[in-house]
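J.: Structure file final.pdb, PDB, C-alpha atoms, is pasted below:
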ATOM      1  CA  MET I  20      56.150  87.218  87.768
ATOM      2  CA  PRO I  21      57.161  85.124  84.733
ATOM      3  CA  VAL I  22      56.378  81.416  84.850
ATOM      4  CA  SER I  23      59.212  79.037  84.048
ATOM      5  CA  THR I  24      58.666  76.763  81.071
ATOM      6  CA  TRP I  25      61.615  74.574  82.036
ATOM      7  CA  THR I  26      60.934  70.879  82.419
ATOM      8  CA  PRO I  27      63.244  67.911  83.071
ATOM      9  CA  VAL I  28      61.245  65.717  80.660
ATOM     10  CA  GLY I  29      63.628  63.592  78.627
ATOM     11  CA  ARG I  30      66.715  61.412  79.166
ATOM     12  CA  TRP I  31      69.644  62.478  81.324
ATOM     13  CA  THR I  32      72.956  60.772  82.151
ATOM     14  CA  GLY I  33      74.877  61.461  85.290
ATOM     15  CA  THR I  34      76.630  60.329  88.407
ATOM     16  CA  VAL I  35      75.611  59.943  92.011
ATOM     17  CA  THR I  36      78.244  60.212  94.743
ATOM     18  CA  HIS I  37      77.814  58.548  98.129
ATOM     19  CA  ASP I  38      80.163  57.007 100.688
ATOM     20  CA  ASP I  39      83.294  57.806  98.603
ATOM     21  CA  GLU I  40      81.731  55.899  95.679
ATOM     22  CA  VAL I  41      80.602  57.277  92.304
ATOM     23  CA  ASP I  42      77.945  55.440  90.264
ATOM     24  CA  GLU I  43      76.844  56.307  86.726
ATOM     25  CA  TYR I  44      73.153  56.285  85.786
ATOM     26  CA  THR I  45      70.612  57.176  83.113
ATOM     27  CA  VAL I  46      67.265  58.638  84.133
ATOM     28  CA  ALA I  47      64.179  59.304  82.018
ATOM     29  CA  PHE I  48      61.754  61.939  83.328
ATOM     30  CA  ALA I  49      58.263  61.530  81.809
ATOM     31  CA  ALA I  50      55.692  64.300  81.279
ATOM     32  CA  ASP I  51      53.255  62.560  83.664
ATOM     33  CA  GLY I  52      55.659  63.068  86.617
ATOM     34  CA  SER I  53      57.068  59.544  86.618
ATOM     35  CA  LEU I  54      60.709  58.592  86.184
ATOM     36  CA  SER I  55      62.794  55.506  85.544
ATOM     37  CA  VAL I  56      66.484  55.010  86.212
ATOM     38  CA  THR I  57      69.049  52.411  85.184
ATOM     39  CA  THR I  58      72.573  51.757  86.403
ATOM     40  CA  ARG I  59      74.988  48.969  85.705
ATOM     41  CA  LYS I  60      73.662  47.101  88.764
ATOM     42  CA  SER I  61      70.085  48.296  89.294
ATOM     43  CA  THR I  62      66.824  49.680  87.920
ATOM     44  CA  GLY I  63      64.342  51.977  89.579
ATOM     45  CA  HIS I  64      61.079  53.858  89.265
ATOM     46  CA  GLY I  65      59.630  56.855  90.992
ATOM     47  CA  ALA I  66      58.163  60.318  90.610
ATOM     48  CA  TRP I  67      59.305  63.901  90.180
ATOM     49  CA  THR I  68      57.671  67.230  90.975
ATOM     50  CA  ALA I  69      58.655  70.771  89.951
ATOM     51  CA  VAL I  70      58.965  72.818  93.143
ATOM     52  CA  GLY I  71      60.208  76.106  91.741
ATOM     53  CA  ASP I  72      61.880  77.834  88.875
ATOM     54  CA  GLU I  73      64.258  75.168  87.489
ATOM     55  CA  THR I  74      64.074  73.140  90.717
ATOM     56  CA  LEU I  75      62.596  69.697  91.215
ATOM     57  CA  GLU I  76      62.260  66.999  93.808
ATOM     58  CA  PHE I  77      62.337  63.363  92.904
ATOM     59  CA  SER I  78      61.919  60.138  94.791
ATOM     60  CA  LEU I  79      62.548  56.625  93.582
ATOM     61  CA  ARG I  80      63.023  53.042  94.610
ATOM     62  CA  GLU I  81      66.099  51.494  93.017
ATOM     63  CA  ASP I  82      66.164  47.673  93.080
ATOM     64  CA  PHE I  83      69.427  45.805  92.648
ATOM     65  CA  ASN I  84      69.507  43.410  89.700
ATOM     66  CA  VAL I  85      69.071  39.740  90.690
ATOM     67  CA  ASP I  86      72.572  38.915  89.437
ATOM     68  CA  VAL I  87      74.128  41.549  91.740
ATOM     69  CA  THR I  88      75.120  40.844  95.320
ATOM     70  CA  GLN I  89      75.188  44.290  96.902
ATOM     71  CA  ILE I  90      76.664  44.602 100.398
ATOM     72  CA  SER I  91      76.079  47.830 102.349
ATOM     73  CA  PRO I  92      79.017  49.660 103.963
ATOM     74  CA  ASN I  93      78.003  48.125 107.300
ATOM     75  CA  GLY I  94      78.163  44.572 105.898
ATOM     76  CA  HIS I  95      74.489  43.731 105.273
ATOM     77  CA  HIS I  96      72.973  42.319 102.070
ATOM     78  CA  ALA I  97      71.115  45.145 100.289
ATOM     79  CA  ALA I  98      67.978  44.601  98.202
ATOM     80  CA  TYR I  99      66.962  48.152  97.278
ATOM     81  CA  ILE I 100      67.540  51.839  97.959
ATOM     82  CA  GLN I 101      64.933  54.551  98.532
ATOM     83  CA  ILE I 102      66.370  57.798  97.144
ATOM     84  CA  ASP I 103      65.039  61.329  97.697
ATOM     85  CA  ILE I 104      66.770  64.263  95.951
ATOM     86  CA  THR I 105      66.190  67.988  95.471
ATOM     87  CA  ALA I 106      67.927  69.225  92.309
ATOM     88  CA  ARG I 107      68.341  72.487  90.438
ATOM     89  CA  LEU I 108      69.198  73.247  86.829
ATOM     90  CA  THR I 109      72.251  75.488  86.418
ATOM     91  CA  GLY I 110      73.227  76.050  82.784
ATOM     92  CA  ASP I 111      72.860  72.606  81.229
ATOM     93  CA  THR I 112      73.570  70.667  84.426
ATOM     94  CA  LEU I 113      71.035  69.298  86.872
ATOM     95  CA  SER I 114      72.627  68.931  90.304
ATOM     96  CA  GLY I 115      71.294  68.166  93.732
ATOM     97  CA  GLU I 116      71.577  66.513  97.093
ATOM     98  CA  GLY I 117      69.468  64.226  99.197
ATOM     99  CA  LYS I 118      69.451  60.938 101.019
ATOM    100  CA  ALA I 119      69.640  57.268 100.182
ATOM    101  CA  VAL I 120      68.148  54.712 102.556
ATOM    102  CA  VAL I 121      69.265  51.135 101.920
ATOM    103  CA  HIS I 122      66.878  48.274 102.703
ATOM    104  CA  GLY I 123      67.546  44.575 103.107
ATOM    105  CA  PRO I 124      65.574  41.718 101.541
ATOM    106  CA  ASP I 125      63.139  41.845 104.499
ATOM    107  CA  ASP I 126      62.475  45.598 103.914
ATOM    108  CA  ALA I 127      64.351  46.525 107.112
ATOM    109  CA  VAL I 128      66.471  49.686 106.926
ATOM    110  CA  ILE I 129      70.116  48.656 107.097
ATOM    111  CA  TYR I 130      71.916  51.869 106.189
ATOM    112  CA  ALA I 131      71.344  55.520 105.303
ATOM    113  CA  THR I 132      73.673  58.028 103.709
ATOM    114  CA  GLY I 133      73.799  61.359 101.907
ATOM    115  CA  ALA I 134      73.884  61.453  98.115
ATOM    116  CA  ARG I 135      74.952  64.091  95.576
ATOM    117  CA  THR I 136      74.049  63.937  91.909
ATOM    118  CA  GLU I 137      74.944  65.720  88.708
ATOM    119  CA  ALA I 138      73.414  65.007  85.280
ATOM    120  CA  ARG I 139      73.190  66.386  81.762
ATOM    121  CA  ARG I 140      70.331  66.014  79.291
ATOM    122  CA  VAL I 141      70.896  63.533  76.444
ATOM    123  CA  SER I 142      70.062  65.142  73.106
TER     124      SER I 142
END
Would you give me this structure, written as structure tokens?
T.:
Amino acid sequence: MPVSTWTPVGRWTGTVTHDDEVDEYTVAFAADGSLSVTTRKSTGHGAWTAVGDETLEFSLREDFNVDVTQISPNGHHAAYIQIDITARLTGDTLSGEGKAVVHGPDDAVIYATGARTEARRVS
């Protein structure tokens, strides 16, 4: 069986869709299995793991910027989101689905939702 040499290492730009909202982001996957993400209103860090031929799982904590007041769909002040996604490369697009769990300033879970993402590598 051939071994895939595919890796997500590098910069990607994309969108994540949740709760009828679409947010743009940039993510950098590092060779050591770490990742960092930036959006217009947050930054985050986490880890990724290859789980199959052109498939990966990644998990990250995305903290809202201090100048952003983020209110969850159920009306609570949000401090950060824990995101877990499984994604697959098809052509030049990395797409996947997972969950986003929103936490308040006291770390309590205030909301959870599904999330879909699609990204393309930045050359």
J.: Apply the PyMOL selection byres ((chain I and resi 65-74) around 9) to the displayed file and report the matching residues as an NGL selection string.
T.: :I and (22-27 or 48-49 or 51-56 or 63-64 or 75-81 or 105-109 or 113)
J.: Take the residues from that selection and put them in a file with C-alpha atoms, as a compact mmCIF listing (two decimals), in the coordinates of the input.
T.:
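Resulting contents of again-v7.txt:
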# COMPACT_ATOMS: atom_id res chain seq x y z
CA VAL I 22 56.38 81.42 84.85
CA SER I 23 59.21 79.04 84.05
CA THR I 24 58.67 76.76 81.07
CA TRP I 25 61.62 74.57 82.04
CA THR I 26 60.93 70.88 82.42
CA PRO I 27 63.24 67.91 83.07
CA PHE I 48 61.75 61.94 83.33
CA ALA I 49 58.26 61.53 81.81
CA ASP I 51 53.26 62.56 83.66
CA GLY I 52 55.66 63.07 86.62
CA SER I 53 57.07 59.54 86.62
CA LEU I 54 60.71 58.59 86.18
CA SER I 55 62.79 55.51 85.54
CA VAL I 56 66.48 55.01 86.21
CA GLY I 63 64.34 51.98 89.58
CA HIS I 64 61.08 53.86 89.26
CA LEU I 75 62.60 69.70 91.22
CA GLU I 76 62.26 67.00 93.81
CA PHE I 77 62.34 63.36 92.90
CA SER I 78 61.92 60.14 94.79
CA LEU I 79 62.55 56.62 93.58
CA ARG I 80 63.02 53.04 94.61
CA GLU I 81 66.10 51.49 93.02
CA THR I 105 66.19 67.99 95.47
CA ALA I 106 67.93 69.22 92.31
CA ARG I 107 68.34 72.49 90.44
CA LEU I 108 69.20 73.25 86.83
CA THR I 109 72.25 75.49 86.42
CA LEU I 113 71.04 69.30 86.87
J.: Using all atoms listed in the file, which residue out of I:Gly110, I:Gly123, I:Gly133, I:Gly117 lies closest to His95 (chain I)?
T.: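 Ranked by minimum distance to His95 (chain I), first place goes to I:Gly123.
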J.: Identify which of the residues I:Thr132, I:Gln101, I:Thr112, I:Ser61 lies closest to Val87 (chain I), counting all atoms listed in the file when measuring atom-to-atom distances.
T.: I:Ser61
J.: Counting only C-alpha atoms, which of I:Arg139, I:Arg30, I:Arg59, I:His37 gets nearest to Val121 (chain I)?
T.: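 Nearest to Val121 (chain I): I:His37.
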J.: Excluding Thr88 (chain I) and residues on its chain fewer than 4 positions from it, collect all residues at most 10 Å away from it, counting all atoms listed in the file, and give them as a list in words.
T.: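 Listed by chain and then number, they are Lys60, Phe83, Asn84, His96, Ala97 and Ala98 of chain I.
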J.: If you measure from CA of Ser142 (chain I) to CA of Glu40 (chain I), what distance in Å do you get, rounded to one decimal?
T.: 27.0 Å
J.: For the point (81.1, 51.3, 85.8) in the file's frame, write as a ChimeraX atom specification all residues with an atom no more than 10 Å away, counting all atoms listed in the file.
T.: /I:41-44,58-60
J.: Calculate how many Å separate CA of Pro92 (chain I) from CA of Thr136 (chain I), rounding to one decimal.
T.: 19.3 Å
J.: Interatomic distance between CA of Asp125 (chain I) and CA of Asn93 (chain I)?
T.: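 Distance between the two atoms: 16.4 Å.
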J.: Calculated over all atoms listed in the file, which of the candidates I:Ile100, I:Asp39, I:Thr45, I:Val128 has the smallest distance to Arg140 (chain I)?
T.: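 Result for the nearest residue to Arg140 (chain I): I:Thr45.
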